[in-house]
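S.K.: Handing you this structure, nothing more for now.
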Amino acid sequence: MKTMRYLSWLAIAAMMLAGCSTRITPYYPHGGGSNPGGSTPGGGSGGSQPTTQVNFRTDWNVTYEGRTDLEDANERVEEFLINYTGNHYFFLRTLSDEDFASIYNSEVKDLIEGEVKDLNTIAKNKDIEFTKLDGLYTKKVKTLYLDIMVHGEYNLFLIEVDKDGKPTYNYTKTKIEVVEEDQTYEYKTWLGVWTVSDGYVGYDIEISALENNYLYRVDGWETGPAAGDVQMNQDDDWLQTKLLADGTMSIPIQFIASYDNYEDLGDVDYMFVGTYVESTGEKVDDYEGWEVAYADKDASDNYTLHGGSTEYTVNGQTWTTPYSTMRYSLYSYKDECWQHFHSAVPQFTDKNNRRLSMVRTKASSGVDRTPVHTRNYLRKTQPRQHVSRKMNKR
């Protein structure tokens with residue numbers, strides 16, 4: 001059994017070869033394993049003082065090299081070559097023209113200040129030094145491997161920031177196009193509408209194409225008579241899943257969006273988490289990035305959703321434990337606790353070998369559900385609608 005991590009928060013990475021290249025911590029199907037986290041190597045401090053005047057650096061550039069296979073993982077990634085000659089830190093953002101316009105009014109200054117502000121918020125919420133954030137790199141880093149991107153045109157922004165988390169307003173920008181492939185037979189296997197159930201609670205989910213041969217969009221988890229309708233925002237209530245090279249579909253824990261001043265909960269993060277039970281009997285909601293479940297089929301074309309597992313350490317002893325369920329959750333920074341919409345979620349329990357049955361009920365509707373945003377940034381918006389107030393506080 002191997003381990004798998006999903007890109008967390010801002011879709012960025014841990015060091016691959018010190019001083020040479022960086023990549024996302026890769027997917028390894030299917031089960032528990034160590035969760036090493038990651039830190040960013042220190043960078044030199046420059047002598048120039050930050051300014052509010054944006055400065056396009058013609059001596060920096062980012063080159064998109066297309067998709068490549070990771071030698072130690074069951075997946076493909078996007079490869080970028082970086083030419084950064086500054087003495088601070090940098091980070092990379094990918095934004096479509098539509099996202100750039102709708103979020104930052106197509107203003108580079110607004111983009112820089114907004115992204116750096118979000119990075120500082122993350123560092124504060126995680127109680128770590130700014131320079132220890134995943135996704136901050138130095139001039140030693142020449143190659144980045146990021147998660148597969150949805151097809152379309154993107155602006156690549158390489159943005160410089162100093163060690164104190166302040167923008168220098170130096171940047172460079174490149175425009176690229178990601179071309180979608182034709183669907184393979186393996187990819188088509190999972191498209192359609194499925195009933196997923198533990199025998200007591202179940203949902204009808206639709207799996208539709210997000211990026212051919214790599215990514216799916218899943219609608220319908222936690223909707224229906226037992227769960228009510230959309231919990232947060234119709235643009236956000238879907239999951240991203242991934243087709244692995246072995247033909248299985250992997251469901252990761254995932255960050256979805258942030259909302260400012262959400263009702264009486266204050267600032268919240270909207271996430272899809274896995275819940276496990278510690279040896280003490282305490283229920284824990286895991287948001288750090290483990291594979292929460294994966295789906296496969298046997299030789300008789302029986303489809304099954306298997307619960308994943310994770311590891312945690314108590315008093316120096318490491319424990320491996322399975323996830324008992326997976327669900328949408330809100331984390332309230334005001335209350336410092338998780339909120340759940342209801343308890344009607346299928347359980348990965350011992351009585352069914354931690355499996356949920358999957359039965360295809362119809363073919364894919366063919367509706368284009370490709371999102372306009374790529375989820376590689378923190379969305380700071382008010383929700384359109386909050387249908388359910390059946391939220392369970394732990």
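All residue names refer to the structure tokens as shown: chains lettered A, B, ... in order, residues numbered from 1 in each chain, ligands numbered from 1 in order.
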As an MDAnalysis selection string, please: every residue in range 150-209 of chain A that a backbone DSSP assignment puts in helix (DSSP H, G or I).

M.R.: chainID A and resid 185:188

S.K.: Would you mind exporting the chosen residues as a compact mmCIF listing (two decimals), in the first residue's frame, restricted to N, CA and C atoms?

M.R.:
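To be explicit, this is the file written out as again.txt:
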```txt
# COMPACT_ATOMS: atom_id res chain seq x y z
N TYR A 185 -10.51 5.39 -23.75
CA TYR A 185 -11.52 4.47 -23.24
C TYR A 185 -11.51 4.46 -21.72
N GLU A 186 -10.33 4.46 -21.11
CA GLU A 186 -10.22 4.43 -19.65
C GLU A 186 -10.88 5.66 -19.02
N TYR A 187 -10.71 6.79 -19.68
CA TYR A 187 -11.30 8.01 -19.13
C TYR A 187 -12.82 7.97 -19.21
N LYS A 188 -13.35 7.47 -20.33
CA LYS A 188 -14.79 7.40 -20.52
C LYS A 188 -15.47 6.46 -19.53
```

S.K.: Env of Glu115 in chain A: 12 Å cut, atoms = only C-alpha atoms, seq-sep filter 5 positions within chain, self excluded. Answer as a ChimeraX atom specification.

M.R.: /A:10,90-95,100,103-104,108-110,120-122,157-161,165-167,169,376-380

S.K.: Generate the output file for the selected residues, C-alpha atoms, as a PDB file, in the first residue's frame.

M.R.:
```
ATOM      1  CA  LEU A  10      -2.657  26.980  -3.519  1.00  0.00           C
ATOM      2  CA  PHE A  90       8.926  34.267  -6.013  1.00  0.00           C
ATOM      3  CA  PHE A  91       5.683  32.404  -6.593  1.00  0.00           C
ATOM      4  CA  LEU A  92       3.812  31.400  -9.745  1.00  0.00           C
ATOM      5  CA  ARG A  93       0.136  32.047 -10.452  1.00  0.00           C
ATOM      6  CA  THR A  94      -1.893  30.864 -13.438  1.00  0.00           C
ATOM      7  CA  LEU A  95      -4.998  32.872 -14.330  1.00  0.00           C
ATOM      8  CA  PHE A 100      -7.856  38.065 -14.081  1.00  0.00           C
ATOM      9  CA  ILE A 103     -11.044  38.994  -9.589  1.00  0.00           C
ATOM     10  CA  TYR A 104      -8.434  41.702 -10.125  1.00  0.00           C
ATOM     11  CA  VAL A 108      -1.383  43.677 -12.076  1.00  0.00           C
ATOM     12  CA  LYS A 109      -1.017  45.785  -8.924  1.00  0.00           C
ATOM     13  CA  ASP A 110      -4.316  44.424  -7.581  1.00  0.00           C
ATOM     14  CA  ASN A 120       0.103  36.197   4.547  1.00  0.00           C
ATOM     15  CA  THR A 121      -3.351  35.115   5.688  1.00  0.00           C
ATOM     16  CA  ILE A 122      -2.442  31.479   5.116  1.00  0.00           C
ATOM     17  CA  PHE A 157       2.535  35.471 -13.458  1.00  0.00           C
ATOM     18  CA  LEU A 158       5.877  35.134 -11.703  1.00  0.00           C
ATOM     19  CA  ILE A 159       5.598  37.486  -8.713  1.00  0.00           C
ATOM     20  CA  GLU A 160       8.401  38.534  -6.372  1.00  0.00           C
ATOM     21  CA  VAL A 161       7.965  38.956  -2.609  1.00  0.00           C
ATOM     22  CA  GLY A 165       5.875  38.845   3.147  1.00  0.00           C
ATOM     23  CA  LYS A 166       5.822  42.217   1.417  1.00  0.00           C
ATOM     24  CA  PRO A 167       5.486  42.587  -2.359  1.00  0.00           C
ATOM     25  CA  TYR A 169       6.018  44.751  -7.206  1.00  0.00           C
ATOM     26  CA  ASN A 376      -5.561  27.749  -7.718  1.00  0.00           C
ATOM     27  CA  TYR A 377      -6.321  30.850  -5.693  1.00  0.00           C
ATOM     28  CA  LEU A 378      -8.406  31.803  -2.672  1.00  0.00           C
ATOM     29  CA  ARG A 379     -11.821  33.071  -3.699  1.00  0.00           C
ATOM     30  CA  LYS A 380     -12.993  35.793  -1.363  1.00  0.00           C
TER      31      LYS A 380
END
```

S.K.: Counting only C-alpha atoms, figure out which residue out of A:Ala123, A:Ser329, A:Arg57, A:Asp286 gets nearest to Glu311 in chain A.

M.R.: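 Of A:Ala123, A:Ser329, A:Arg57, A:Asp286, the one nearest Glu311 in chain A, counting only C-alpha atoms, is A:Asp286.
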
S.K.: Just to confirm, what's the straight-line distance from CA of Ile253 in chain A to CA of Tyr328 in chain A in Å (one decimal)?

M.R.: 9.7 Å

S.K.: Near range 267-272 of chain A, within 6 Å and counting only C-alpha atoms, which residues show up once chain neighbours fewer than 5 positions away are dropped, as a PyMOL selection string?

M.R.: chain A and resi 253-262+327-333
